[in-house]
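What follows is one structure encoded as structure tokens, with my remarks underneath.
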Amino acid sequence: MKITDENIDSEIDKLAEQFKEMLQKEPQGIAERFMKIMMFQEPDRMPVFMQIHDHAARVAGITLREMCTDYKKALYAGLYAAIRYKLDTAAAAADAYNFEAEALGAKILFPEDSFPVILEPLIKEPGDLEKLDIPDFNKAKRGPYIIEGIKLSLETLEEYAMPFSVACAPWSLAVQLRGFNNLVRDTRKNPEFAHKILDFSEDVIEAFVKTQQEAIGPIGGIPVFPVMADAFSCIPPTSPKLVYDYIIPHTADIIKRLGMAWWAGGFPVVQIPDWERIVEDVVMKSGTFIGTIVMLESDWLPPEKIKKISNRLHKPWLFGTRAGLISKGTPQEIENYVKGTIKILGPGGGCMLIGDQIPRDTPPENLETFVNSIKKYGKYPIKIE
């Protein structure tokens with residue numbers, strides 16, 4: 001069925017009922033499963049949690065442009081994919097990196113089938129920073145997309161929704177405003193200015209997150225939980241020196257200001273010397289509630305190491321599955337990987353396996369295998385030979 005402005009509300013309601021009926025058969029919901037694992041306890045099984053935005057748009061029959069600009073279509077696509085693959089939660093938004101920069105005045109290109117792109121940096125010279133003011137995110141650009149989208153998700157899915165707010169982290173927002181090469185050059189030639197951009201980025205993020213929390217209200221007495229995306233802070237494209245001198249300090253500061261947050265960034269995605277110390281420092285010195293490891297196409301970072309680090313620090317960790325494996329591997333390769341990884345990460349809670357950004361062209365049977373394998377091997381207590 002083609003989704004239109006006239007039928008979108010009724011179609012969301014239909015999918016929401018199907019989704020809730022599906023989950024009502026489960027002994028525990030994703031929130032309970034997720035929190036038990038984060039508290040180093042064992043739920044009934046490991047939850048199925050993945051970034052599936054652009055693939056969800058594809059299977060739901062809408063464009064990524066629609067998903068990134070129409071919060072109702074974003075929820076529709078998330079629900080459609082959740083039912084199609086029997087997921088534990090439905091993604092309700094996309095594009096975590098451009099909301100703040102766009103609200104500040106950045107020019108954004110919205111291609112049909114890729115995520116939005118910033119056409120040019122807002123801060124071309126130092127004086128440009130002084131011209132920027134923190135916007136009213138209730139009105140500015142796609143601020144309402146996020147606020148109304150989270151509201152709709154919570155109202156529609158009720159206890160089956162994940163109450164997360166969305167934001168950039170300081171380094172990635174500074175990159176969006178200044179441009180990556182310019183910002184790195186500033187750290188070498190004008191470090192005071194680089195810190196000023198990051199300070200301003202913190203102010204913008206705090207305003208964006210708190211606007212969301214105030215507009216949505218507390219869930220069970222607790223504000224919606226901030227998730228800060230920070231892919232630009234990973235190593236590479238950054239370096240360990242940038243992570244320690246700029247990224248961790250400003251991330252730690254904004255987390256203190258927000259009270260608690262999940263920061264997805266700062267981790268190495270290629271093998272480098274002393275990587276274990278870096279991933280520990282990224283988590284402990286930033287104050288992020290959860291550690292996150294995104295595997296991309298690399299096999300160098302073993303789950304055994306992350307499990308040991310997580311247990312030693314008593315810090316929960318999400319361990320990402322390589323996007324290339326999910327999209328290009330055979331079903332048997334995917335099942336074997338999930339089985340072997342859960343055998344290591346699962347016992348005792350504290351760690352869980354997730355699907356990283358699922359490629360748009362991933363074969364449906366591969367995703368089905370990934371989901372079914374987590375449900376099969378992730379049952380507690382973990383008993384895998």
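To be explicit about the labels: the chains of the structure tokens are called A, B, and onward in the order shown, and within each one the residues are counted from 1, while ligands get numbers from 1 in the order they are shown.
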
I'd like the neighbourhood of range 350-363 of chain A as number ranges by chain, where a residue qualifies if any of its atoms comes within 9 Å (using only C-alpha atoms), though same-chain residues fewer than 2 positions away should be ignored. A: 34, 36-42, 46-59, 294-296, 306-307, 310-311, 314-324, 326-328, 338, 341-342, 345-348, 365-368, 370, 374

If you take only C-alpha atoms and a cut-off of 7 Å, which residues of range 56-161 of chain A touch range 176-190 of chain A, and what are their nearest atom pairs and distances in Å to one decimal, in chain and number order, as JSON lines?
{"residue": "A:Ala101", "atom": "CA", "partner": "A:Leu177", "partner_atom": "CA", "distance": 6.3}
{"residue": "A:Pro121", "atom": "CA", "partner": "A:Arg178", "partner_atom": "CA", "distance": 5.1}
{"residue": "A:Leu122", "atom": "CA", "partner": "A:Leu177", "partner_atom": "CA", "distance": 5.2}
{"residue": "A:Ile123", "atom": "CA", "partner": "A:Arg178", "partner_atom": "CA", "distance": 4.9}
{"residue": "A:Lys124", "atom": "CA", "partner": "A:Arg178", "partner_atom": "CA", "distance": 6.6}

Computed interatomic separation between CA of Thr330 in chain A and CA of Lys375 in chain A (Å):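 These atoms are spaced 18.3 Å apart.
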
Could you list, with a cut-off of 8 Å and counting only C-alpha atoms, the residues of range 253-324 of chain A near range 192-208 of chain A, each shown with its nearest atom pair and the distance in Å rounded to one decimal, rows sorted by chain and ascending number, as CSV?
residue,atom,partner,partner_atom,distance
A:Ile254,CA,A:Glu202,CA,5.9
A:Arg257,CA,A:Glu206,CA,7.3
A:Leu258,CA,A:Glu206,CA,6.8

Running DSSP on the backbone, which parts of range 41-166 of chain A land in strand (DSSP E or B), as a list of chain:residue names?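 Those residues are A:Arg45, A:Met50, A:Ile108, A:Leu109, A:Val117, A:Ile118, A:Phe164, A:Ser165, A:Val166.
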
Export of prior selection with C-alpha atoms as an mmCIF file, in the first residue's frame:
data_model
loop_
_atom_site.group_PDB
_atom_site.id
_atom_site.type_symbol
_atom_site.label_atom_id
_atom_site.label_comp_id
_atom_site.auth_asym_id
_atom_site.auth_seq_id
_atom_site.Cartn_x
_atom_site.Cartn_y
_atom_site.Cartn_z
ATOM 1 C CA ARG A 45 17.107 -13.544 26.645
ATOM 2 C CA MET A 50 19.963 -2.699 15.810
ATOM 3 C CA ILE A 108 21.383 20.650 4.008
ATOM 4 C CA LEU A 109 20.932 18.449 0.943
ATOM 5 C CA VAL A 117 24.492 16.025 3.736
ATOM 6 C CA ILE A 118 25.748 19.406 4.958
ATOM 7 C CA PHE A 164 15.699 7.874 23.980
ATOM 8 C CA SER A 165 16.378 11.452 22.933
ATOM 9 C CA VAL A 166 18.702 12.148 19.994
#

Any idea what's packed within 9 Å of Tyr97 in chain A, counting only C-alpha atoms, ignoring anything in its chain fewer than 5 positions away? Could you give it as a CSV table (one decimal) with N, CA and C atoms, in the first residue's frame?
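result.csv was written with the following content:
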chain,number,residue,atom,x,y,z
A,116,PRO,N,21.0,12.9,4.9
A,116,PRO,CA,21.2,14.3,4.6
A,116,PRO,C,22.7,14.6,4.6
A,167,ALA,N,20.8,13.3,19.8
A,167,ALA,CA,21.7,14.5,19.7
A,167,ALA,C,23.0,14.0,19.1
A,168,CYS,N,23.8,15.0,18.6
A,168,CYS,CA,25.2,14.9,18.3
A,168,CYS,C,26.0,14.9,19.6
A,169,ALA,N,27.2,14.4,19.5
A,169,ALA,CA,28.1,14.7,20.6
A,169,ALA,C,29.0,15.9,20.2
A,172,SER,N,31.4,15.7,17.0
A,172,SER,CA,30.8,15.6,15.7
A,172,SER,C,30.0,16.8,15.3
A,173,LEU,N,29.4,17.5,16.3
A,173,LEU,CA,28.7,18.7,16.0
A,173,LEU,C,29.7,19.8,15.6
A,176,GLN,N,30.5,19.2,12.1
A,176,GLN,CA,29.4,19.6,11.2
A,176,GLN,C,29.4,21.2,11.0
A,229,ALA,N,25.4,10.7,19.3
A,229,ALA,CA,26.1,10.1,18.2
A,229,ALA,C,27.4,10.8,17.9
A,230,ASP,N,28.5,10.0,17.7
A,230,ASP,CA,29.8,10.7,17.5
A,230,ASP,C,30.8,9.9,16.6

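One distance worth recording is that between CA of Arg142 in chain A and CA of Lys107 in chain A, which is 12.7 Å.
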
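Note that the spacing between CA of Met67 in chain A and CA of Ala94 in chain A amounts to 6.9 Å.
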
Those in range 259-368 of chain A with alpha helix (DSSP H) from DSSP, as a PyMOL selection string: chain A and resi 275-286+303-313+323-328+331-345+364-368

Check the smallest atom-to-atom distance from each of A:Ile150, A:Glu276, A:Tyr244, A:Val283 to Val224 in chain A using only C-alpha atoms, then report the winner.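 Of all the options, A:Ile150 lies closest to Val224 in chain A.
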
Near-Trp300 in chain A list (10 Å; only C-alpha atoms; drop same-chain fewer than 6 positions) as a list in words: Val269, Val270, Gln271 and Ile272 of chain A

Writer output for current selection, C-alpha atoms, as an mmCIF file, in the first residue's frame:
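For reference, part01.cif as written:
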data_model
loop_
_atom_site.group_PDB
_atom_site.id
_atom_site.type_symbol
_atom_site.label_atom_id
_atom_site.label_comp_id
_atom_site.auth_asym_id
_atom_site.auth_seq_id
_atom_site.Cartn_x
_atom_site.Cartn_y
_atom_site.Cartn_z
ATOM 1 C CA VAL A 269 37.942 1.045 14.498
ATOM 2 C CA VAL A 270 41.370 -0.095 13.290
ATOM 3 C CA GLN A 271 44.090 -1.893 15.197
ATOM 4 C CA ILE A 272 46.408 0.562 16.900
#

Contact residues around Pro218 in chain A with only C-alpha atoms at 12 Å, ignoring same-chain residues under 5 positions, as an NGL selection string: :A and (151 or 154 or 163-165 or 210 or 212-213 or 223-225)

Selection to disk with C-alpha atoms, as a PDB file, in the first residue's frame:
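Listing of result.pdb after writing:
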ATOM      1  CA  LYS A 151       6.106  11.876  21.430  1.00  0.00           C
ATOM      2  CA  LEU A 154       5.828   6.911  23.151  1.00  0.00           C
ATOM      3  CA  PRO A 163      12.517   6.469  25.558  1.00  0.00           C
ATOM      4  CA  PHE A 164      15.699   7.874  23.980  1.00  0.00           C
ATOM      5  CA  SER A 165      16.378  11.452  22.933  1.00  0.00           C
ATOM      6  CA  LYS A 210      16.691  19.567  27.431  1.00  0.00           C
ATOM      7  CA  GLN A 212      13.304  17.327  24.038  1.00  0.00           C
ATOM      8  CA  GLN A 213      13.078  16.289  27.680  1.00  0.00           C
ATOM      9  CA  PRO A 223      13.601  12.165  31.673  1.00  0.00           C
ATOM     10  CA  VAL A 224      14.055  10.566  28.257  1.00  0.00           C
ATOM     11  CA  PHE A 225      17.582   9.213  28.041  1.00  0.00           C
TER      12      PHE A 225
END
